[in-house]
file model.pdb (PDB, C-alpha atoms, pLDDT in the B column)
ATOM      1  CA  MET A   1     -76.708 -41.165 -19.123  1.00 83.00           C
ATOM      2  CA  GLU A   2     -73.594 -42.647 -20.702  1.00 86.00           C
ATOM      3  CA  LEU A   3     -70.290 -43.512 -19.046  1.00 87.00           C
ATOM      4  CA  ALA A   4     -67.052 -43.783 -20.988  1.00 85.00           C
ATOM      5  CA  LEU A   5     -65.127 -47.032 -20.911  1.00 84.00           C
ATOM      6  CA  THR A   6     -61.407 -47.236 -20.198  1.00 85.00           C
ATOM      7  CA  THR A   7     -59.221 -49.760 -21.974  1.00 82.00           C
ATOM      8  CA  ALA A   8     -56.827 -52.107 -20.188  1.00 79.00           C
ATOM      9  CA  THR A   9     -53.952 -49.833 -21.240  1.00 77.00           C
ATOM     10  CA  GLY A  10     -55.512 -46.830 -19.518  1.00 73.00           C
ATOM     11  CA  LYS A  11     -56.648 -45.030 -22.660  1.00 76.00           C
ATOM     12  CA  ALA A  12     -60.184 -43.794 -23.218  1.00 72.00           C
ATOM     13  CA  SER A  13     -62.287 -46.083 -25.355  1.00 73.00           C
ATOM     14  CA  THR A  14     -64.767 -45.056 -28.014  1.00 75.00           C
ATOM     15  CA  LYS A  15     -67.308 -47.392 -26.447  1.00 81.00           C
ATOM     16  CA  LYS A  16     -69.751 -46.143 -23.845  1.00 85.00           C
ATOM     17  CA  VAL A  17     -72.146 -47.852 -21.477  1.00 88.00           C
ATOM     18  CA  GLU A  18     -75.678 -46.635 -20.833  1.00 88.00           C
ATOM     19  CA  VAL A  19     -76.729 -46.398 -17.166  1.00 87.00           C
ATOM     20  CA  SER A  20     -79.763 -45.161 -15.297  1.00 88.00           C
ATOM     21  CA  ASP A  21     -79.952 -41.525 -14.237  1.00 88.00           C
ATOM     22  CA  ALA A  22     -81.719 -42.571 -11.036  1.00 88.00           C
ATOM     23  CA  ALA A  23     -78.648 -44.437  -9.797  1.00 88.00           C
ATOM     24  CA  PHE A  24     -75.827 -42.386 -11.294  1.00 91.00           C
ATOM     25  CA  ALA A  25     -77.159 -38.832 -11.687  1.00 88.00           C
ATOM     26  CA  ARG A  26     -78.713 -38.107  -8.301  1.00 90.00           C
ATOM     27  CA  ASP A  27     -78.033 -34.925  -6.333  1.00 91.00           C
ATOM     28  CA  TYR A  28     -75.494 -35.311  -3.546  1.00 92.00           C
ATOM     29  CA  ASN A  29     -76.944 -35.342  -0.031  1.00 92.00           C
ATOM     30  CA  GLU A  30     -74.063 -35.059   2.418  1.00 93.00           C
ATOM     31  CA  GLY A  31     -76.192 -35.588   5.506  1.00 94.00           C
ATOM     32  CA  LEU A  32     -77.787 -38.737   4.134  1.00 94.00           C
ATOM     33  CA  VAL A  33     -74.450 -40.181   2.994  1.00 94.00           C
ATOM     34  CA  HIS A  34     -72.972 -39.513   6.433  1.00 95.00           C
ATOM     35  CA  GLN A  35     -75.918 -41.246   8.082  1.00 95.00           C
ATOM     36  CA  VAL A  36     -75.648 -44.312   5.834  1.00 95.00           C
ATOM     37  CA  VAL A  37     -71.888 -44.651   6.287  1.00 95.00           C
ATOM     38  CA  THR A  38     -72.088 -44.119  10.041  1.00 95.00           C
ATOM     39  CA  ALA A  39     -74.880 -46.662  10.394  1.00 95.00           C
ATOM     40  CA  TYR A  40     -72.898 -49.243   8.443  1.00 94.00           C
ATOM     41  CA  LEU A  41     -69.808 -48.741  10.592  1.00 94.00           C
ATOM     42  CA  ALA A  42     -71.879 -48.849  13.775  1.00 94.00           C
ATOM     43  CA  GLY A  43     -73.453 -52.125  12.684  1.00 91.00           C
ATOM     44  CA  GLY A  44     -70.002 -53.692  12.497  1.00 90.00           C
ATOM     45  CA  ARG A  45     -69.231 -53.010  16.153  1.00 89.00           C
ATOM     46  CA  GLN A  46     -69.528 -56.138  18.273  1.00 89.00           C
ATOM     47  CA  GLY A  47     -70.336 -54.571  21.616  1.00 87.00           C
ATOM     48  CA  THR A  48     -69.589 -57.898  23.302  1.00 90.00           C
ATOM     49  CA  ARG A  49     -68.104 -56.789  26.605  1.00 89.00           C
ATOM     50  CA  ALA A  50     -69.077 -57.963  30.051  1.00 92.00           C
ATOM     51  CA  GLN A  51     -67.973 -57.288  33.603  1.00 94.00           C
ATOM     52  CA  LYS A  52     -69.577 -58.472  36.824  1.00 95.00           C
ATOM     53  CA  THR A  53     -71.208 -56.299  39.431  1.00 94.00           C
ATOM     54  CA  ARG A  54     -70.991 -57.103  43.167  1.00 93.00           C
ATOM     55  CA  SER A  55     -74.183 -59.144  42.878  1.00 92.00           C
ATOM     56  CA  GLU A  56     -72.767 -61.334  40.103  1.00 93.00           C
ATOM     57  CA  VAL A  57     -69.292 -62.313  41.361  1.00 94.00           C
ATOM     58  CA  ARG A  58     -68.872 -65.601  43.189  1.00 92.00           C
ATOM     59  CA  GLY A  59     -68.687 -65.855  47.002  1.00 88.00           C
ATOM     60  CA  GLY A  60     -69.414 -63.373  49.733  1.00 85.00           C
ATOM     61  CA  GLY A  61     -72.143 -65.253  51.509  1.00 87.00           C
ATOM     62  CA  ALA A  62     -70.684 -64.741  54.986  1.00 91.00           C
ATOM     63  CA  LYS A  63     -69.237 -61.679  56.647  1.00 93.00           C
ATOM     64  CA  PRO A  64     -65.426 -61.966  56.192  1.00 93.00           C
ATOM     65  CA  PHE A  65     -64.610 -61.087  59.813  1.00 94.00           C
ATOM     66  CA  ARG A  66     -66.341 -59.702  62.871  1.00 95.00           C
ATOM     67  CA  GLN A  67     -67.448 -56.113  62.988  1.00 95.00           C
ATOM     68  CA  LYS A  68     -65.335 -54.883  65.914  1.00 95.00           C
ATOM     69  CA  GLY A  69     -62.053 -55.615  67.617  1.00 94.00           C
ATOM     70  CA  THR A  70     -59.848 -56.421  64.625  1.00 94.00           C
ATOM     71  CA  GLY A  71     -58.495 -52.943  63.960  1.00 95.00           C
ATOM     72  CA  ARG A  72     -59.557 -53.212  60.324  1.00 94.00           C
ATOM     73  CA  ALA A  73     -62.253 -51.344  58.497  1.00 94.00           C
ATOM     74  CA  ARG A  74     -65.624 -53.038  58.777  1.00 94.00           C
ATOM     75  CA  ALA A  75     -66.584 -55.240  55.822  1.00 93.00           C
ATOM     76  CA  GLY A  76     -69.785 -57.086  55.083  1.00 92.00           C
ATOM     77  CA  THR A  77     -68.837 -59.048  51.937  1.00 94.00           C
ATOM     78  CA  ILE A  78     -65.793 -60.002  49.906  1.00 93.00           C
ATOM     79  CA  ARG A  79     -67.744 -59.087  46.763  1.00 95.00           C
ATOM     80  CA  SER A  80     -67.345 -55.376  47.470  1.00 94.00           C
ATOM     81  CA  PRO A  81     -65.720 -53.341  44.669  1.00 94.00           C
ATOM     82  CA  LEU A  82     -63.088 -52.278  47.213  1.00 93.00           C
ATOM     83  CA  TRP A  83     -61.807 -55.839  47.525  1.00 94.00           C
ATOM     84  CA  ARG A  84     -59.550 -57.755  45.191  1.00 92.00           C
ATOM     85  CA  SER A  85     -61.656 -60.046  42.935  1.00 91.00           C
ATOM     86  CA  GLY A  86     -64.751 -58.113  43.959  1.00 94.00           C
ATOM     87  CA  GLY A  87     -67.382 -56.723  41.668  1.00 95.00           C
ATOM     88  CA  ILE A  88     -67.003 -53.709  39.378  1.00 95.00           C
ATOM     89  CA  THR A  89     -68.755 -50.535  40.477  1.00 94.00           C
ATOM     90  CA  PHE A  90     -69.999 -49.528  37.026  1.00 95.00           C
ATOM     91  CA  ALA A  91     -69.690 -52.829  35.194  1.00 95.00           C
ATOM     92  CA  ALA A  92     -69.577 -52.768  31.401  1.00 93.00           C
ATOM     93  CA  LYS A  93     -72.398 -54.702  29.742  1.00 92.00           C
ATOM     94  CA  ASN A  94     -73.223 -55.836  26.207  1.00 92.00           C
ATOM     95  CA  GLN A  95     -74.221 -52.928  24.031  1.00 91.00           C
ATOM     96  CA  ASP A  96     -76.011 -52.735  20.695  1.00 91.00           C
ATOM     97  CA  TRP A  97     -74.512 -49.997  18.520  1.00 91.00           C
ATOM     98  CA  SER A  98     -76.715 -50.581  15.470  1.00 91.00           C
ATOM     99  CA  GLN A  99     -78.568 -47.661  13.941  1.00 92.00           C
ATOM    100  CA  LYS A 100     -81.784 -47.961  11.979  1.00 92.00           C
ATOM    101  CA  VAL A 101     -81.666 -46.904   8.337  1.00 92.00           C
ATOM    102  CA  ASN A 102     -84.692 -47.877   6.290  1.00 93.00           C
ATOM    103  CA  ARG A 103     -84.465 -49.328   2.794  1.00 92.00           C
ATOM    104  CA  LYS A 104     -85.318 -46.127   0.937  1.00 93.00           C
ATOM    105  CA  GLN A 105     -82.730 -44.138   2.866  1.00 93.00           C
ATOM    106  CA  TYR A 106     -80.023 -46.715   2.201  1.00 93.00           C
ATOM    107  CA  ARG A 107     -80.827 -46.838  -1.520  1.00 93.00           C
ATOM    108  CA  ALA A 108     -80.855 -43.049  -1.783  1.00 94.00           C
ATOM    109  CA  GLY A 109     -77.532 -42.852   0.056  1.00 94.00           C
ATOM    110  CA  MET A 110     -75.904 -45.385  -2.269  1.00 94.00           C
ATOM    111  CA  GLN A 111     -77.299 -43.527  -5.281  1.00 94.00           C
ATOM    112  CA  ALA A 112     -75.816 -40.280  -3.974  1.00 94.00           C
ATOM    113  CA  ILE A 113     -72.398 -41.928  -3.498  1.00 94.00           C
ATOM    114  CA  LEU A 114     -72.383 -43.465  -6.990  1.00 94.00           C
ATOM    115  CA  SER A 115     -73.519 -40.199  -8.558  1.00 94.00           C
ATOM    116  CA  GLU A 116     -70.806 -38.237  -6.777  1.00 94.00           C
ATOM    117  CA  LEU A 117     -68.184 -40.731  -7.967  1.00 93.00           C
ATOM    118  CA  VAL A 118     -69.306 -40.093 -11.552  1.00 92.00           C
ATOM    119  CA  ARG A 119     -69.381 -36.292 -11.159  1.00 92.00           C
ATOM    120  CA  SER A 120     -65.925 -36.147  -9.576  1.00 91.00           C
ATOM    121  CA  GLU A 121     -64.498 -38.522 -12.209  1.00 90.00           C
ATOM    122  CA  ARG A 122     -63.514 -41.041  -9.540  1.00 91.00           C
ATOM    123  CA  LEU A 123     -65.388 -43.942 -11.180  1.00 92.00           C
ATOM    124  CA  VAL A 124     -63.303 -45.834 -13.728  1.00 92.00           C
ATOM    125  CA  VAL A 125     -65.282 -48.296 -15.857  1.00 92.00           C
ATOM    126  CA  ILE A 126     -63.443 -51.147 -17.549  1.00 91.00           C
ATOM    127  CA  ASP A 127     -64.821 -53.926 -19.731  1.00 88.00           C
ATOM    128  CA  LYS A 128     -63.319 -56.721 -17.621  1.00 87.00           C
ATOM    129  CA  LEU A 129     -60.424 -57.343 -15.257  1.00 87.00           C
ATOM    130  CA  GLU A 130     -58.714 -60.706 -15.444  1.00 86.00           C
ATOM    131  CA  LEU A 131     -55.324 -62.004 -14.344  1.00 88.00           C
ATOM    132  CA  ALA A 132     -53.583 -64.991 -15.925  1.00 89.00           C
ATOM    133  CA  GLU A 133     -51.927 -65.894 -12.609  1.00 91.00           C
ATOM    134  CA  PRO A 134     -52.530 -65.079  -8.943  1.00 92.00           C
ATOM    135  CA  LYS A 135     -49.591 -62.673  -8.880  1.00 92.00           C
ATOM    136  CA  THR A 136     -49.635 -59.360  -7.025  1.00 92.00           C
ATOM    137  CA  LYS A 137     -47.071 -58.035  -9.485  1.00 93.00           C
ATOM    138  CA  LEU A 138     -49.469 -58.547 -12.399  1.00 92.00           C
ATOM    139  CA  LEU A 139     -52.224 -56.620 -10.644  1.00 92.00           C
ATOM    140  CA  VAL A 140     -49.862 -53.781  -9.734  1.00 92.00           C
ATOM    141  CA  GLU A 141     -48.754 -53.521 -13.363  1.00 91.00           C
ATOM    142  CA  GLN A 142     -52.381 -53.395 -14.506  1.00 90.00           C
ATOM    143  CA  LEU A 143     -53.261 -50.683 -11.985  1.00 91.00           C
ATOM    144  CA  ASN A 144     -50.213 -48.659 -12.982  1.00 90.00           C
ATOM    145  CA  LYS A 145     -51.414 -48.691 -16.585  1.00 88.00           C
ATOM    146  CA  LEU A 146     -54.717 -47.289 -15.388  1.00 88.00           C
ATOM    147  CA  SER A 147     -52.962 -44.731 -13.118  1.00 87.00           C
ATOM    148  CA  LEU A 148     -54.688 -46.214 -10.077  1.00 87.00           C
ATOM    149  CA  ASN A 149     -51.667 -46.877  -7.875  1.00 79.00           C
ATOM    150  CA  ASP A 150     -52.598 -44.343  -5.172  1.00 82.00           C
ATOM    151  CA  GLY A 151     -55.519 -46.346  -3.793  1.00 89.00           C
ATOM    152  CA  VAL A 152     -58.504 -47.954  -5.465  1.00 92.00           C
ATOM    153  CA  THR A 153     -61.536 -50.084  -4.710  1.00 93.00           C
ATOM    154  CA  ILE A 154     -62.100 -52.801  -7.314  1.00 93.00           C
ATOM    155  CA  VAL A 155     -65.700 -53.877  -7.842  1.00 94.00           C
ATOM    156  CA  VAL A 156     -66.352 -57.029  -9.880  1.00 93.00           C
ATOM    157  CA  ASP A 157     -69.432 -59.049 -10.723  1.00 91.00           C
ATOM    158  CA  ASP A 158     -68.096 -62.429  -9.551  1.00 88.00           C
ATOM    159  CA  MET A 159     -64.990 -62.896  -7.440  1.00 89.00           C
ATOM    160  CA  ASP A 160     -62.080 -64.343  -9.408  1.00 88.00           C
ATOM    161  CA  ASN A 161     -59.656 -66.433  -7.358  1.00 92.00           C
ATOM    162  CA  ASN A 162     -56.571 -65.084  -9.145  1.00 92.00           C
ATOM    163  CA  LEU A 163     -57.704 -61.507  -8.575  1.00 92.00           C
ATOM    164  CA  PHE A 164     -58.527 -62.195  -4.922  1.00 92.00           C
ATOM    165  CA  LEU A 165     -55.111 -63.716  -4.198  1.00 93.00           C
ATOM    166  CA  ALA A 166     -53.300 -60.937  -6.061  1.00 92.00           C
ATOM    167  CA  ALA A 167     -55.112 -58.104  -4.273  1.00 92.00           C
ATOM    168  CA  ARG A 168     -55.096 -59.329  -0.677  1.00 91.00           C
ATOM    169  CA  ASN A 169     -51.513 -58.169   0.025  1.00 88.00           C
ATOM    170  CA  LEU A 170     -52.078 -54.613  -1.235  1.00 89.00           C
ATOM    171  CA  HIS A 171     -53.165 -52.322   1.594  1.00 88.00           C
ATOM    172  CA  LYS A 172     -54.182 -49.563  -0.819  1.00 89.00           C
ATOM    173  CA  VAL A 173     -56.428 -51.845  -2.862  1.00 92.00           C
ATOM    174  CA  GLY A 174     -59.911 -52.947  -1.852  1.00 91.00           C
ATOM    175  CA  LEU A 175     -61.817 -55.727  -3.583  1.00 92.00           C
ATOM    176  CA  SER A 176     -65.538 -56.435  -3.433  1.00 92.00           C
ATOM    177  CA  GLU A 177     -68.355 -58.068  -5.354  1.00 93.00           C
ATOM    178  CA  ALA A 178     -71.100 -55.809  -6.650  1.00 91.00           C
ATOM    179  CA  GLY A 179     -73.791 -57.869  -4.948  1.00 90.00           C
ATOM    180  CA  VAL A 180     -72.383 -57.189  -1.473  1.00 91.00           C
ATOM    181  CA  ILE A 181     -70.930 -53.716  -1.989  1.00 91.00           C
ATOM    182  CA  ASP A 182     -71.298 -51.319   0.926  1.00 91.00           C
ATOM    183  CA  PRO A 183     -70.944 -47.532   1.294  1.00 94.00           C
ATOM    184  CA  VAL A 184     -67.652 -47.772   3.189  1.00 93.00           C
ATOM    185  CA  ASN A 185     -65.945 -49.661   0.356  1.00 90.00           C
ATOM    186  CA  LEU A 186     -67.133 -47.045  -2.136  1.00 92.00           C
ATOM    187  CA  VAL A 187     -65.754 -44.079  -0.177  1.00 91.00           C
ATOM    188  CA  ARG A 188     -62.724 -45.810   1.330  1.00 89.00           C
ATOM    189  CA  PHE A 189     -60.285 -44.962  -1.473  1.00 90.00           C
ATOM    190  CA  ASP A 190     -59.944 -42.115  -3.937  1.00 90.00           C
ATOM    191  CA  LYS A 191     -60.883 -44.163  -7.031  1.00 92.00           C
ATOM    192  CA  VAL A 192     -63.310 -46.972  -7.805  1.00 93.00           C
ATOM    193  CA  LEU A 193     -62.487 -49.406 -10.615  1.00 94.00           C
ATOM    194  CA  ILE A 194     -65.573 -51.288 -11.752  1.00 93.00           C
ATOM    195  CA  THR A 195     -66.296 -53.762 -14.532  1.00 92.00           C
ATOM    196  CA  VAL A 196     -69.255 -53.357 -16.876  1.00 91.00           C
ATOM    197  CA  ALA A 197     -70.976 -56.453 -15.475  1.00 92.00           C
ATOM    198  CA  ALA A 198     -70.631 -55.109 -11.917  1.00 92.00           C
ATOM    199  CA  LEU A 199     -71.889 -51.692 -13.052  1.00 92.00           C
ATOM    200  CA  LYS A 200     -75.036 -53.265 -14.483  1.00 92.00           C
ATOM    201  CA  LYS A 201     -75.625 -55.178 -11.270  1.00 92.00           C
ATOM    202  CA  LEU A 202     -75.362 -51.976  -9.218  1.00 91.00           C
ATOM    203  CA  GLU A 203     -77.808 -50.365 -11.608  1.00 91.00           C
ATOM    204  CA  GLU A 204     -80.305 -53.175 -11.001  1.00 90.00           C
ATOM    205  CA  MET A 205     -79.854 -52.907  -7.249  1.00 89.00           C
ATOM    206  CA  PHE A 206     -80.136 -49.131  -6.825  1.00 88.00           C
ATOM    207  CA  ALA A 207     -81.993 -47.788  -9.878  1.00 79.00           C
TER
END
call {"tool": "encode", "arguments": {"input": "model.pdb", "output": "structure tokens"}}
result
Amino acid sequence: MELALTTATGKASTKKVEVSDAAFARDYNEGLVHQVVTAYLAGGRQGTRAQKTRSEVRGGGAKPFRQKGTGRARAGTIRSPLWRSGGITFAAKNQDWSQKVNRKQYRAGMQAILSELVRSERLVVIDKLELAEPKTKLLVEQLNKLSLNDGVTIVVDDMDNNLFLAARNLHKVGLSEAGVIDPVNLVRFDKVLITVAALKKLEEMFA
């Protein structure tokens, strides 16, 4: 299939780029896309939490006071959850939130996302995106020309330092390299702006 190019001024170009139908013309599978996105988000959770049970806190070797005659409730250890600095009754432990998604499932999910972006006209292909200076104002002006000021993910082949510095202060703009693109970045914003070089790299990865 062929995708139309957009010029830097936002107008449609007469040039087109040929891409693989396997990566950009696949049927949309909502369940698979949900599974891939959920698994990616779950893999980013640290799960590093730890509390101590009564057997793990320090101290408590001797009975704190005698059983009878004190007028207090009987106690056998200062490590009891009822005591200050004692153990936690249901202590939180490290947890692994990762979900298994095999390679074929992940590839099919990414293909479905890319294909849906093309069908819904949310994928904007541009020849290249370069900034003369690391100025946020210059990037905003460029996105305004392309009518992409409501939120966009920019996908490039190689990260340009000027583009990185210009985009990092814009909360409605995401920036990623094609080689490390993930499903969350592709569905995070309404539009995806991608260069031809990045498009070809995605085609190699997921075709």
call {"tool": "residues_around", "arguments": {"input": "model.pdb", "residues": "A:Gly179", "least_positions_apart": "5", "cutoff": "8 Å", "atoms": "all atoms listed in the file", "output": "list of chain:residue names"}}
result
A:Asp157, A:Lys201, A:Leu202
call {"tool": "residues_around", "arguments": {"input": "model.pdb", "residues": "A:Leu3", "least_positions_apart": "5", "cutoff": "12 Å", "atoms": "only C-alpha atoms", "output": "PyMOL selection string"}}
result
chain A and resi 12-21+24-25+115+117-119+121-127+194-196+199-200
call {"tool": "resolve_selection", "arguments": {"input": "model.pdb", "expression": "the PyMOL selection byres ((chain A and resi 192) around 6)", "output": "ChimeraX atom specification"}}
result
/A:123,152-154,191,193
call {"tool": "atom_distance", "arguments": {"input": "model.pdb", "atom1": "atom CA of A:Ser120", "atom2": "atom CA of A:Arg107"}}
result
20.0 Å
call {"tool": "resolve_selection", "arguments": {"input": "model.pdb", "expression": "the PyMOL selection byres ((chain A and resi 53) around 6)", "output": "mmCIF file with C-alpha atoms, keeping the file's coordinate frame"}}
result
data_model
loop_
_atom_site.group_PDB
_atom_site.id
_atom_site.type_symbol
_atom_site.label_atom_id
_atom_site.label_comp_id
_atom_site.auth_asym_id
_atom_site.auth_seq_id
_atom_site.Cartn_x
_atom_site.Cartn_y
_atom_site.Cartn_z
ATOM 1 C CA LYS A 52 -69.577 -58.472 36.824
ATOM 2 C CA ARG A 54 -70.991 -57.103 43.167
ATOM 3 C CA SER A 55 -74.183 -59.144 42.878
ATOM 4 C CA GLU A 56 -72.767 -61.334 40.103
ATOM 5 C CA GLY A 87 -67.382 -56.723 41.668
ATOM 6 C CA ILE A 88 -67.003 -53.709 39.378
ATOM 7 C CA ALA A 91 -69.690 -52.829 35.194
#
call {"tool": "resolve_selection", "arguments": {"input": "model.pdb", "expression": "the PyMOL selection byres ((chain A and resi 139-141) around 12)", "output": "ChimeraX atom specification"}}
result
/A:8-10,129-138,142-152,154,162-173,175
call {"tool": "atom_distance", "arguments": {"input": "model.pdb", "atom1": "atom CA of A:Ala39", "atom2": "atom CA of A:Ile181"}}
result
14.8 Å
call {"tool": "closest_residue", "arguments": {"input": "model.pdb", "among": "A:Ser80, A:Gln51, A:Thr38, A:Asn102", "to": "A:Pro183", "atoms": "all atoms listed in the file"}}
result
A:Thr38
call {"tool": "closest_residue", "arguments": {"input": "model.pdb", "among": "A:Glu116, A:Val180, A:Lys128, A:Thr6", "to": "A:Asp160", "atoms": "only C-alpha atoms"}}
result
A:Lys128
call {"tool": "atom_distance", "arguments": {"input": "model.pdb", "atom1": "atom CA of A:Val101", "atom2": "atom CA of A:Met205"}}
result
16.8 Å
call {"tool": "closest_residue", "arguments": {"input": "model.pdb", "among": "A:Thr48, A:Ala198, A:Ala42, A:Ser176", "to": "A:Ala92", "atoms": "only C-alpha atoms"}}
result
A:Thr48
call {"tool": "closest_residue", "arguments": {"input": "model.pdb", "among": "A:Gln67, A:Gln111, A:Thr7, A:Ser85", "to": "A:Asp27", "atoms": "only C-alpha atoms"}}
result
A:Gln111
call {"tool": "closest_residue", "arguments": {"input": "model.pdb", "among": "A:Ala62, A:Val184, A:Leu41, A:Ala23", "to": "A:Ala75", "atoms": "only C-alpha atoms"}}
result
A:Ala62
call {"tool": "residues_around", "arguments": {"input": "model.pdb", "residues": "A:Ile113", "least_positions_apart": "6", "cutoff": "9 Å", "atoms": "all atoms listed in the file", "output": "PyMOL selection string"}}
result
chain A and resi 24+26+28-29+33+183+186-187
call {"tool": "closest_residue", "arguments": {"input": "model.pdb", "among": "A:Val57, A:Leu82, A:Val156, A:Ala207", "to": "A:Met110", "atoms": "all atoms listed in the file"}}
result
A:Ala207
call {"tool": "build_atoms", "arguments": {"input": "model.pdb", "residues": "stretch 171-183 of chain A", "atoms": "N, CA and C atoms", "output": "tab-separated table (two decimals), keeping the file's coordinate frame"}}
result
chain	number	residue	atom	x	y	z
A	171	HIS	N	-52.38	-53.04	0.61
A	171	HIS	CA	-53.16	-52.32	1.59
A	171	HIS	C	-53.89	-51.13	1.02
A	172	LYS	N	-53.50	-50.68	-0.17
A	172	LYS	CA	-54.18	-49.56	-0.82
A	172	LYS	C	-55.17	-50.02	-1.88
A	173	VAL	N	-55.50	-51.30	-1.88
A	173	VAL	CA	-56.43	-51.84	-2.86
A	173	VAL	C	-57.52	-52.61	-2.13
A	174	GLY	N	-58.77	-52.22	-2.38
A	174	GLY	CA	-59.91	-52.95	-1.85
A	174	GLY	C	-60.57	-53.75	-2.95
A	175	LEU	N	-61.19	-54.84	-2.60
A	175	LEU	CA	-61.82	-55.73	-3.58
A	175	LEU	C	-63.17	-56.18	-3.05
A	176	SER	N	-64.20	-56.07	-3.88
A	176	SER	CA	-65.54	-56.44	-3.43
A	176	SER	C	-66.38	-56.85	-4.62
A	177	GLU	N	-67.37	-57.70	-4.35
A	177	GLU	CA	-68.36	-58.07	-5.35
A	177	GLU	C	-69.48	-57.03	-5.36
A	178	ALA	N	-70.05	-56.82	-6.53
A	178	ALA	CA	-71.10	-55.81	-6.65
A	178	ALA	C	-72.32	-56.16	-5.82
A	179	GLY	N	-72.61	-57.46	-5.68
A	179	GLY	CA	-73.79	-57.87	-4.95
A	179	GLY	C	-73.73	-57.59	-3.47
A	180	VAL	N	-72.54	-57.42	-2.92
A	180	VAL	CA	-72.38	-57.19	-1.47
A	180	VAL	C	-71.63	-55.89	-1.21
A	181	ILE	N	-71.66	-54.98	-2.15
A	181	ILE	CA	-70.93	-53.72	-1.99
A	181	ILE	C	-71.59	-52.91	-0.88
A	182	ASP	N	-70.80	-52.14	-0.17
A	182	ASP	CA	-71.30	-51.32	0.93
A	182	ASP	C	-70.77	-49.90	0.78
A	183	PRO	N	-71.37	-48.93	1.46
A	183	PRO	CA	-70.94	-47.53	1.29
A	183	PRO	C	-69.51	-47.27	1.73
